[in-house]
Every structure is written in structure tokens, then in C-alpha cells.
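Participant: I am sharing final02.cif, which consists of mmCIF, C-alpha atoms:
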```
data_coords
#
loop_
_atom_site.label_atom_id
_atom_site.label_comp_id
_atom_site.auth_asym_id
_atom_site.auth_seq_id
_atom_site.Cartn_x
_atom_site.Cartn_y
_atom_site.Cartn_z
CA MET A 1 -24.88 12.80 -48.69
CA ILE A 2 -26.27 15.05 -51.45
CA GLU A 3 -22.83 14.99 -53.06
CA PHE A 4 -22.90 11.19 -53.06
CA LEU A 5 -26.43 10.94 -54.43
CA ASP A 6 -25.32 13.30 -57.21
CA MET A 7 -22.31 11.21 -58.23
CA GLY A 8 -23.46 10.62 -61.78
CA LYS A 9 -21.78 7.98 -63.97
CA HIS A 10 -19.98 6.27 -61.08
CA ALA A 11 -23.22 5.46 -59.25
CA VAL A 12 -23.89 2.25 -61.17
CA PHE A 13 -20.40 0.87 -60.35
CA VAL A 14 -20.49 1.79 -56.66
CA TYR A 15 -24.05 0.59 -56.09
CA SER A 16 -23.53 -2.71 -57.91
CA ALA A 17 -20.27 -3.42 -56.01
CA TYR A 18 -21.97 -2.80 -52.66
CA THR A 19 -25.10 -4.77 -53.63
CA ILE A 20 -23.09 -7.82 -54.74
CA THR A 21 -20.99 -7.67 -51.55
CA ILE A 22 -24.04 -7.46 -49.29
CA ILE A 23 -25.80 -10.34 -51.08
CA ALA A 24 -22.64 -12.51 -51.04
CA LEU A 25 -21.99 -11.88 -47.33
CA PHE A 26 -25.64 -12.55 -46.48
CA MET A 27 -25.65 -15.82 -48.45
CA GLY A 28 -22.32 -16.81 -46.87
CA TYR A 29 -23.93 -16.64 -43.45
CA ILE A 30 -27.47 -17.82 -44.17
CA LEU A 31 -26.68 -20.96 -46.23
CA PRO A 32 -24.78 -22.83 -43.47
CA HIS A 33 -27.41 -21.56 -41.02
CA ILE A 34 -30.24 -23.12 -43.07
CA LYS A 35 -28.28 -26.35 -43.61
CA LEU A 36 -27.58 -26.64 -39.87
CA LYS A 37 -31.25 -26.05 -39.04
CA LYS A 38 -32.33 -28.70 -41.56
CA ILE A 39 -29.97 -31.31 -40.09
CA LEU A 40 -31.13 -30.61 -36.52
CA ASP A 41 -34.81 -30.69 -37.57
CA LYS A 42 -34.25 -33.98 -39.42
CA LYS A 43 -32.63 -35.49 -36.33
CA LYS A 44 -35.51 -34.25 -34.21
CA ASN A 45 -38.03 -35.90 -36.55
CA ASP A 46 -36.06 -39.15 -36.61
CA ILE A 47 -36.10 -39.28 -32.81
CA LYS A 48 -39.87 -38.53 -32.73
CA GLN A 49 -40.58 -41.28 -35.26
CA LYS A 50 -38.56 -43.81 -33.28
CA LYS A 51 -40.60 -42.98 -30.18
CA MET B 1 -6.55 -27.38 -16.35
CA ASN B 2 -6.85 -30.24 -18.78
CA ILE B 3 -5.83 -28.88 -22.21
CA LYS B 4 -7.14 -32.00 -23.96
CA ARG B 5 -10.74 -31.05 -23.35
CA PHE B 6 -10.33 -28.20 -25.88
CA GLY B 7 -9.98 -30.89 -28.53
CA ASN B 8 -13.24 -32.47 -27.35
CA LEU B 9 -16.02 -31.62 -29.82
CA LYS B 10 -18.79 -31.64 -27.23
CA PHE B 11 -16.93 -29.18 -25.01
CA PHE B 12 -16.28 -26.88 -27.97
CA TYR B 13 -19.91 -27.03 -29.10
CA ASN B 14 -21.43 -26.35 -25.70
CA SER B 15 -19.20 -23.60 -24.40
CA PHE B 16 -17.42 -21.64 -27.12
CA ILE B 17 -20.14 -21.62 -29.78
CA THR B 18 -22.97 -20.51 -27.51
CA LEU B 19 -20.96 -17.38 -26.63
CA PHE B 20 -21.41 -16.23 -30.21
CA SER B 21 -25.19 -16.42 -30.40
CA TYR B 22 -25.58 -12.64 -30.02
CA LEU B 23 -23.13 -11.76 -32.80
CA PRO B 24 -25.39 -11.69 -35.93
CA ILE B 25 -27.27 -8.57 -34.76
CA LEU B 26 -24.02 -6.78 -33.86
CA VAL B 27 -22.50 -7.66 -37.24
CA LEU B 28 -25.60 -6.40 -39.08
CA ILE B 29 -25.59 -3.07 -37.22
CA GLY B 30 -21.82 -2.80 -37.66
CA PHE B 31 -22.01 -3.32 -41.42
CA ILE B 32 -24.87 -0.82 -41.83
CA ALA B 33 -22.78 1.79 -39.96
CA GLY B 34 -19.68 0.93 -42.02
CA ILE B 35 -21.52 1.18 -45.34
CA TYR B 36 -23.03 4.52 -44.30
CA TRP B 37 -19.55 5.78 -43.33
CA SER B 38 -18.03 4.55 -46.61
CA LEU B 39 -20.74 5.93 -48.89
CA PHE B 40 -21.82 9.15 -47.20
CA ILE B 41 -19.18 10.37 -44.74
CA ALA B 42 -15.82 9.51 -46.36
CA PRO B 43 -14.67 12.35 -48.63
CA ILE B 44 -14.60 12.14 -52.40
CA ASP B 45 -11.26 11.23 -54.03
CA TYR B 46 -9.70 14.03 -56.09
CA LEU B 47 -8.61 11.66 -58.89
CA GLN B 48 -11.07 8.74 -58.99
CA GLY B 49 -14.16 10.58 -57.79
CA HIS B 50 -16.81 8.44 -56.12
CA SER B 51 -15.72 5.17 -57.74
CA TYR B 52 -12.92 4.86 -55.14
CA ARG B 53 -15.64 4.04 -52.56
CA ILE B 54 -15.58 0.47 -53.91
CA MET B 55 -12.27 0.24 -52.04
CA PHE B 56 -14.14 -0.06 -48.70
CA VAL B 57 -15.66 -3.40 -49.69
CA HIS B 58 -12.96 -4.58 -52.12
CA VAL B 59 -9.75 -4.16 -50.10
CA PRO B 60 -10.97 -5.80 -46.84
CA ALA B 61 -12.38 -8.72 -48.88
CA ALA B 62 -9.00 -9.16 -50.59
CA TRP B 63 -7.18 -9.07 -47.22
CA MET B 64 -9.64 -11.57 -45.79
CA SER B 65 -9.15 -13.91 -48.75
CA LEU B 66 -5.43 -14.10 -47.87
CA GLN B 67 -5.97 -14.30 -44.12
CA THR B 68 -8.54 -17.11 -44.45
CA TYR B 69 -6.09 -19.09 -46.56
CA VAL B 70 -3.37 -18.70 -43.91
CA VAL B 71 -5.82 -19.85 -41.19
CA MET B 72 -6.76 -22.84 -43.37
CA ALA B 73 -3.13 -23.77 -44.08
CA VAL B 74 -2.09 -23.44 -40.40
CA SER B 75 -5.05 -25.63 -39.37
CA ALA B 76 -4.07 -28.12 -42.09
CA PHE B 77 -0.52 -28.23 -40.73
CA ILE B 78 -1.82 -28.89 -37.20
CA VAL B 79 -4.07 -31.63 -38.61
CA LEU B 80 -1.16 -33.37 -40.30
CA VAL B 81 1.18 -33.10 -37.31
CA TRP B 82 -1.06 -33.41 -34.22
CA LYS B 83 -4.35 -34.76 -35.68
CA VAL B 84 -6.56 -32.41 -33.65
CA LYS B 85 -10.21 -33.10 -34.62
CA ILE B 86 -11.44 -29.54 -34.34
CA MET B 87 -8.63 -28.34 -36.61
CA GLU B 88 -9.77 -30.83 -39.27
CA ILE B 89 -13.17 -29.16 -39.22
CA ILE B 90 -11.72 -25.62 -39.21
CA SER B 91 -9.41 -26.47 -42.09
CA VAL B 92 -12.27 -27.86 -44.20
CA GLN B 93 -14.76 -25.12 -43.33
CA CYS B 94 -12.33 -22.27 -44.13
CA ALA B 95 -12.41 -23.12 -47.86
CA PRO B 96 -15.97 -21.98 -48.72
CA LEU B 97 -15.53 -18.86 -46.61
CA GLY B 98 -12.22 -18.04 -48.29
CA ALA B 99 -13.81 -18.64 -51.70
CA LEU B 100 -16.56 -16.18 -50.74
CA PHE B 101 -14.07 -13.43 -49.80
CA THR B 102 -12.04 -14.07 -52.95
CA PHE B 103 -15.21 -13.93 -55.06
CA ILE B 104 -16.13 -10.55 -53.52
CA ALA B 105 -12.58 -9.24 -54.04
CA LEU B 106 -12.55 -10.35 -57.70
CA ILE B 107 -16.02 -9.09 -58.60
CA THR B 108 -15.75 -5.72 -56.84
CA GLY B 109 -12.23 -5.34 -58.26
CA MET B 110 -13.59 -5.92 -61.77
CA ILE B 111 -16.36 -3.37 -61.20
CA TRP B 112 -13.82 -0.86 -59.87
CA GLY B 113 -11.53 -1.59 -62.85
CA LYS B 114 -14.02 -0.42 -65.45
CA PRO B 115 -14.19 3.29 -64.43
CA THR B 116 -10.51 3.34 -63.34
CA TRP B 117 -8.66 1.34 -66.00
CA GLY B 118 -11.33 1.28 -68.70
CA THR B 119 -11.62 -2.51 -68.57
CA TYR B 120 -13.14 -5.11 -66.26
CA TRP B 121 -10.27 -7.57 -66.50
CA VAL B 122 -6.58 -7.75 -67.44
CA TRP B 123 -4.31 -10.75 -67.05
CA ASP B 124 -1.84 -8.95 -64.80
CA ALA B 125 0.00 -10.58 -61.91
CA ARG B 126 -2.24 -9.41 -59.03
CA LEU B 127 -5.53 -10.29 -60.69
CA THR B 128 -4.30 -13.62 -62.05
CA SER B 129 -2.78 -14.75 -58.73
CA GLU B 130 -6.01 -13.79 -56.91
CA LEU B 131 -7.97 -15.83 -59.48
CA ILE B 132 -5.62 -18.78 -58.82
CA LEU B 133 -6.42 -18.39 -55.11
CA PHE B 134 -10.13 -18.66 -55.96
CA PHE B 135 -9.48 -21.85 -57.96
CA LEU B 136 -7.41 -23.24 -55.07
CA TYR B 137 -10.33 -22.75 -52.68
CA ILE B 138 -12.75 -24.35 -55.15
CA GLY B 139 -10.29 -27.21 -55.79
CA ILE B 140 -9.99 -27.93 -52.05
CA MET B 141 -13.80 -27.97 -51.67
CA VAL B 142 -14.29 -30.27 -54.69
CA LEU B 143 -11.47 -32.59 -53.60
CA TYR B 144 -12.91 -32.92 -50.08
CA ALA B 145 -16.39 -33.61 -51.42
CA SER B 146 -15.16 -36.20 -53.91
CA ILE B 147 -13.36 -38.49 -51.42
CA GLN B 148 -15.68 -40.85 -49.52
CA ASP B 149 -13.39 -41.50 -46.54
CA LYS B 150 -13.46 -38.11 -44.79
CA ARG B 151 -10.34 -38.74 -42.68
CA GLN B 152 -8.45 -39.43 -45.89
CA ALA B 153 -10.10 -36.41 -47.56
CA VAL B 154 -8.89 -34.11 -44.78
CA LYS B 155 -5.33 -35.41 -45.16
CA VAL B 156 -5.31 -34.85 -48.94
CA THR B 157 -6.86 -31.37 -48.75
CA SER B 158 -4.47 -30.44 -45.93
CA ILE B 159 -1.48 -31.24 -48.15
CA LEU B 160 -3.00 -29.21 -51.01
CA SER B 161 -3.67 -26.29 -48.63
CA ILE B 162 -0.07 -26.23 -47.44
CA VAL B 163 1.31 -26.46 -51.00
CA GLY B 164 -1.02 -23.66 -52.12
CA LEU B 165 0.36 -21.39 -49.40
CA ILE B 166 3.10 -20.43 -51.88
CA ASN B 167 0.51 -18.33 -53.71
CA ILE B 168 -0.03 -15.97 -50.74
CA PRO B 169 3.33 -14.09 -50.90
CA ILE B 170 3.02 -14.12 -54.71
CA ILE B 171 -0.32 -12.28 -54.44
CA HIS B 172 1.03 -9.84 -51.86
CA PHE B 173 4.27 -8.96 -53.65
CA SER B 174 2.97 -9.29 -57.23
CA VAL B 175 2.56 -5.51 -57.55
CA GLU B 176 6.23 -5.03 -56.58
CA TRP B 177 7.77 -7.96 -58.49
CA TRP B 178 6.01 -7.29 -61.81
CA ASN B 179 4.74 -4.28 -63.72
CA THR B 180 1.00 -4.46 -63.13
CA LEU B 181 -2.03 -2.34 -63.92
CA HIS B 182 -3.10 -2.89 -60.32
CA GLN B 183 -1.80 -0.14 -58.06
CA GLY B 184 1.07 -0.76 -55.65
CA PRO B 185 0.81 -0.89 -51.84
CA THR B 186 -1.18 2.04 -50.47
CA VAL B 187 -2.19 1.16 -46.95
CA THR B 188 0.64 -1.17 -45.96
CA LYS B 189 3.18 1.64 -46.33
CA PHE B 190 2.76 2.39 -42.63
CA ASP B 191 5.45 5.07 -42.56
CA LYS B 192 3.65 7.14 -45.17
CA PRO B 193 0.36 5.70 -46.46
CA SER B 194 -0.85 7.19 -49.76
CA ALA B 195 -4.44 7.42 -48.58
CA HIS B 196 -5.66 10.17 -46.25
CA ILE B 197 -6.66 9.30 -42.68
CA THR B 198 -10.32 10.19 -43.41
CA MET B 199 -10.29 7.40 -46.00
CA LEU B 200 -8.13 4.99 -43.98
CA LEU B 201 -10.39 5.05 -40.90
CA PRO B 202 -13.54 3.72 -42.66
CA LEU B 203 -11.33 1.21 -44.49
CA PHE B 204 -9.94 -0.16 -41.21
CA TYR B 205 -13.42 -0.13 -39.70
CA MET B 206 -14.78 -2.20 -42.60
CA PHE B 207 -11.82 -4.57 -42.24
CA ALA B 208 -12.70 -5.00 -38.55
CA MET B 209 -16.30 -5.76 -39.53
CA TYR B 210 -15.12 -8.37 -42.04
CA GLN B 211 -13.07 -9.92 -39.22
CA VAL B 212 -16.11 -10.15 -36.94
CA TYR B 213 -18.11 -11.57 -39.86
CA PHE B 214 -15.36 -14.15 -40.39
CA ILE B 215 -15.53 -15.22 -36.72
CA LEU B 216 -19.34 -15.37 -36.81
CA THR B 217 -19.48 -17.41 -40.00
CA ILE B 218 -16.60 -19.76 -39.23
CA VAL B 219 -18.20 -20.57 -35.86
CA LYS B 220 -21.48 -21.33 -37.66
CA ARG B 221 -19.61 -23.52 -40.15
CA ILE B 222 -17.66 -25.29 -37.38
CA LYS B 223 -20.98 -26.04 -35.66
CA LEU B 224 -22.24 -27.52 -38.95
CA GLY B 225 -19.02 -29.49 -39.41
CA ILE B 226 -19.21 -30.94 -35.90
CA ILE B 227 -22.81 -32.06 -36.36
CA GLU B 228 -22.08 -33.63 -39.75
CA ARG B 229 -18.98 -35.35 -38.40
CA ASP B 230 -20.22 -36.51 -35.00
CA SER B 231 -23.85 -37.13 -36.05
CA GLN B 232 -24.01 -40.57 -34.43
CA SER B 233 -22.73 -39.38 -31.04
CA ASN B 234 -25.11 -39.51 -28.10
CA TRP B 235 -24.61 -35.86 -27.18
CA ILE B 236 -25.76 -34.71 -30.64
CA LYS B 237 -28.82 -36.99 -30.41
CA GLU B 238 -29.60 -35.38 -27.04
CA LEU B 239 -29.15 -31.94 -28.59
CA SER B 240 -31.71 -32.72 -31.28
CA LYS B 241 -34.42 -33.62 -28.74
#
```
Would you write out, as C-alpha cells, the structure that this file holds?
Facilitator:
Amino acid sequence: MIEFLDMGKHAVFVYSAYTITIIALFMGYILPHIKLKKILDKKKNDIKQKK
Amino acid sequence: MNIKRFGNLKFFYNSFITLFSYLPILVLIGFIAGIYWSLFIAPIDYLQGHSYRIMFVHVPAAWMSLQTYVVMAVSAFIVLVWKVKIMEIISVQCAPLGALFTFIALITGMIWGKPTWGTYWVWDARLTSELILFFLYIGIMVLYASIQDKRQAVKVTSILSIVGLINIPIIHFSVEWWNTLHQGPTVTKFDKPSAHITMLLPLFYMFAMYQVYFILTIVKRIKLGIIERDSQSNWIKELSK
């Protein structure tokens, strides 16, 4: 681990690649999740209003 | 057993999808372990130093970009021949996921290119064909969104998906067919891989995690596709209560 933390000029490349990957994967999962939740909530509200 | 019920959207929603509700936590833990393995346990490369660690996120993303396209094209073929509803949804929902994997492969590849080749981008065969794959995914998404009649949209995008399949072997063999800056096959030389086993194991582990992520996300997207598609059905109205 110490060797990795001491990796010098390559750190910025490795860290940015991993950060972008993590953010992209997270967004790839969370966006459809939020959209799905919104649709179901909207349907729930529509049904409540009709009642 | 009635095979037709597997094409029934309600059956698919209620049984198959609920089995995957526990997966997000497992995927999160799995990725944390994989990143720790890739960054801290895998040995340093004698030539590239630490920059080679980008391989553990770049290579599986590139493999997944190809695999997702094949899944999309096979689903598209089934749609055109047998008109299975669930395959229409899978075919459409594969495109954004494939675009995501291709985006990761391109961006991490560019970042890896700078310390290795001295440049972020070159117009060589592997990089260009992967970029074309990204545009294909985007094109399919835009085409689907732009056609009002969704049944017609699925047919058109299915044809485009199948035609675009020609790009997959081009991407795979580009490093053998042309002189490219991108390195040749390393892992797929199963008789004598160029990488050491201590580097191959975390690579395969990360690939397995990408696969589980693919399953998790495609199921989420299928769920979304079903609800958008069958929104007026009684069973979805019941589900919303």
C-alpha cells in the first residue's frame, strides 16, 4: 500500500481513471432508479387524486 | 410448463426482477474489494509502473462494451423474427448501458494513453472503431427517442443494431489487421498470456464484477422499460397503489 501511495507522477492518471469509472457506474445505476421511482410515485399520486 | 408465460411482462416483473433486489449491496462490496485488490495488492508493472493499474477498470469496460452490443443485437434479431415483447425492451435498454461501458473504456483508455504513449488520443484502428461503437449506441438511443410509434422505433433500431454488429469483429481484430499504437491481445492468448497471473486474477475479478453490475443495471432498466411500456395495464396500476 505504501508503494502505491508513493507512486508519484502516475497517481493523477490512476486516481482520475478510477474516479471517473466509479462516478459513471454509479450514475448508470442511480439514474434509471430515480426515473423508475418518479414514475411509480406519479402513478401513486394520480390514483390518490382520483380517489 | 407453459413457455409463453416467460414472454408475459407481469410474470417477468413479479418473479424474476424481485430476485435481484439484494444485488446492489453485493455489487458495492464487490467493487470496493476489487478496487482495493487492483490498487493495493496487485504488483507493480516493471515497464509501465503504476499506470498499468488503469487496466483493471479499462479492459473489463471495453469487453463489456462489446458484450452488451452482442446482447443488444441478439435481442434485436429475436424481436424481428419472433416479436417477443421482453426482448424489445432488452434490446432498447441495452443501448444506454453499452454507451456507458464504451464511455468508460474510451475515457480510461485516453487517461492510460498519456503516460504510456505520450498522447491522449490517436486515430488508430482500435480507438477509432471503439469510438464508432460509442456513436452507434448514441445513434440507436437517439433514433428510438425520435420515432413516436414505439413499435416502429423498435423495428428500426433493431435493424440498425444488427447492421452495426459488423463493427464488433473489427474492434476485436483491429490490433491484428492493422498496425496500431494500441497493444495486441494480452489476455486472450490463453495458451501463453503476456500478463502474470497476479495481474490476471484481479482483472478477471473486476470483469466478473462488471458482469454482475450489468445484470443489476439491465434488470433495473428492464423494470423501467416495462413500466413505461405497459403503464396503462391494470397490474401496473395495482403495483402503484
Participant: Please report the interatomic distance between CA of Ile41 (chain B) and CA of Val14 (chain A) in Å with one decimal.
Facilitator: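 Those two atoms sit 14.7 Å apart.
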Participant: Report the residues retrieved by the PyMOL selection byres ((chain B and resi 106) around 9) from the displayed file, expressed as JSON, numbers by chain.
Facilitator: {"B": [58, 61, 62, 101, 102, 103, 104, 105, 107, 108, 109, 110, 111, 127, 130, 131, 134]}
Participant: Measuring atom to atom with all atoms listed in the file, identify which of B:Leu200, B:Val212, B:Leu100, B:Leu9 is nearest to Ile23 (chain A).
Facilitator: B:Leu100
Participant: Please check the contacts: residues of chain A at most 8 Å away from chain B, using all atoms listed in the file, listed as a list of chain:residue names.
Facilitator: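 Here they are: A:Met1, A:Phe4, A:Met7, A:His10, A:Ala11, A:Phe13, A:Val14, A:Ser16, A:Ala17, A:Tyr18, A:Ile20, A:Thr21, A:Ala24, A:Leu25, A:Gly28, A:Tyr29, A:Pro32, A:His33, A:Lys35, A:Leu36, A:Leu40, A:Asp41, A:Lys43, A:Lys44, A:Ile47.
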Participant: I'd like the contact shell of Asp124 (chain B) - 12 Å cut-off, all atoms listed in the file, skipping same-chain residues fewer than 5 positions apart - returned as JSON, numbers by chain.
Facilitator: {"B": [129, 130, 131, 171, 174, 175, 177, 178, 179, 180, 181, 182, 183]}
Participant: Applying the PyMOL selection byres ((chain B and resi 205) around 10) to the file I just gave you, which residues come out? Please list them as a ChimeraX atom specification.
Facilitator: /B:30-31,33-35,37-38,56,60,200-204,206-211
Participant: From the options B:Val27, B:Ile159, B:Met199, B:Leu165, which residue's atoms come nearest to Leu66 (chain B), counting all atoms listed in the file?
Facilitator: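 Checking each candidate against Leu66 (chain B), we get B:Leu165 as the closest.
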Participant: Quote the spacing between CA of Ile138 (chain B) and CA of Glu176 (chain B) in Å to one decimal place.
Facilitator: 27.1 Å
Participant: Apply the PyMOL selection byres ((chain B and resi 80) around 12) to the structure shown and report the selected residues as a list in words.
Facilitator: Ala73, Val74, Ser75, Ala76, Phe77, Ile78, Val79, Val81, Trp82, Lys83, Val84, Lys85, Met87, Glu88, Ser91, Arg151, Gln152, Ala153, Val154, Lys155, Val156, Thr157, Ser158, Ile159, Leu160, Ser161 and Ile162 of chain B
Participant: From the structure block, carefully write region 141-166 of chain B out with C-alpha atoms; format it as a PDB file, in the first residue's frame.
Facilitator:
```pdb
ATOM      1  CA  MET B 141     -30.796   5.822 -28.489  1.00  0.00           C
ATOM      2  CA  VAL B 142     -31.500   9.000 -30.485  1.00  0.00           C
ATOM      3  CA  LEU B 143     -33.299   7.076 -33.238  1.00  0.00           C
ATOM      4  CA  TYR B 144     -35.538   5.283 -30.726  1.00  0.00           C
ATOM      5  CA  ALA B 145     -36.364   8.539 -28.946  1.00  0.00           C
ATOM      6  CA  SER B 146     -37.138  10.368 -32.179  1.00  0.00           C
ATOM      7  CA  ILE B 147     -39.794   7.956 -33.513  1.00  0.00           C
ATOM      8  CA  GLN B 148     -43.246   8.434 -31.960  1.00  0.00           C
ATOM      9  CA  ASP B 149     -44.615   4.946 -32.703  1.00  0.00           C
ATOM     10  CA  LYS B 150     -42.531   2.805 -30.330  1.00  0.00           C
ATOM     11  CA  ARG B 151     -43.282  -0.497 -32.095  1.00  0.00           C
ATOM     12  CA  GLN B 152     -41.937   1.035 -35.288  1.00  0.00           C
ATOM     13  CA  ALA B 153     -38.993   2.557 -33.372  1.00  0.00           C
ATOM     14  CA  VAL B 154     -38.008  -0.869 -32.029  1.00  0.00           C
ATOM     15  CA  LYS B 155     -38.073  -2.347 -35.543  1.00  0.00           C
ATOM     16  CA  VAL B 156     -35.862   0.418 -36.971  1.00  0.00           C
ATOM     17  CA  THR B 157     -33.353   0.334 -34.105  1.00  0.00           C
ATOM     18  CA  SER B 158     -33.263  -3.479 -34.273  1.00  0.00           C
ATOM     19  CA  ILE B 159     -32.199  -3.319 -37.930  1.00  0.00           C
ATOM     20  CA  LEU B 160     -29.534  -0.727 -37.099  1.00  0.00           C
ATOM     21  CA  SER B 161     -28.283  -2.884 -34.186  1.00  0.00           C
ATOM     22  CA  ILE B 162     -27.902  -5.930 -36.421  1.00  0.00           C
ATOM     23  CA  VAL B 163     -26.138  -3.939 -39.163  1.00  0.00           C
ATOM     24  CA  GLY B 164     -23.796  -2.389 -36.583  1.00  0.00           C
ATOM     25  CA  LEU B 165     -22.760  -5.859 -35.411  1.00  0.00           C
ATOM     26  CA  ILE B 166     -20.140  -5.795 -38.183  1.00  0.00           C
TER      27      ILE B 166
END
```
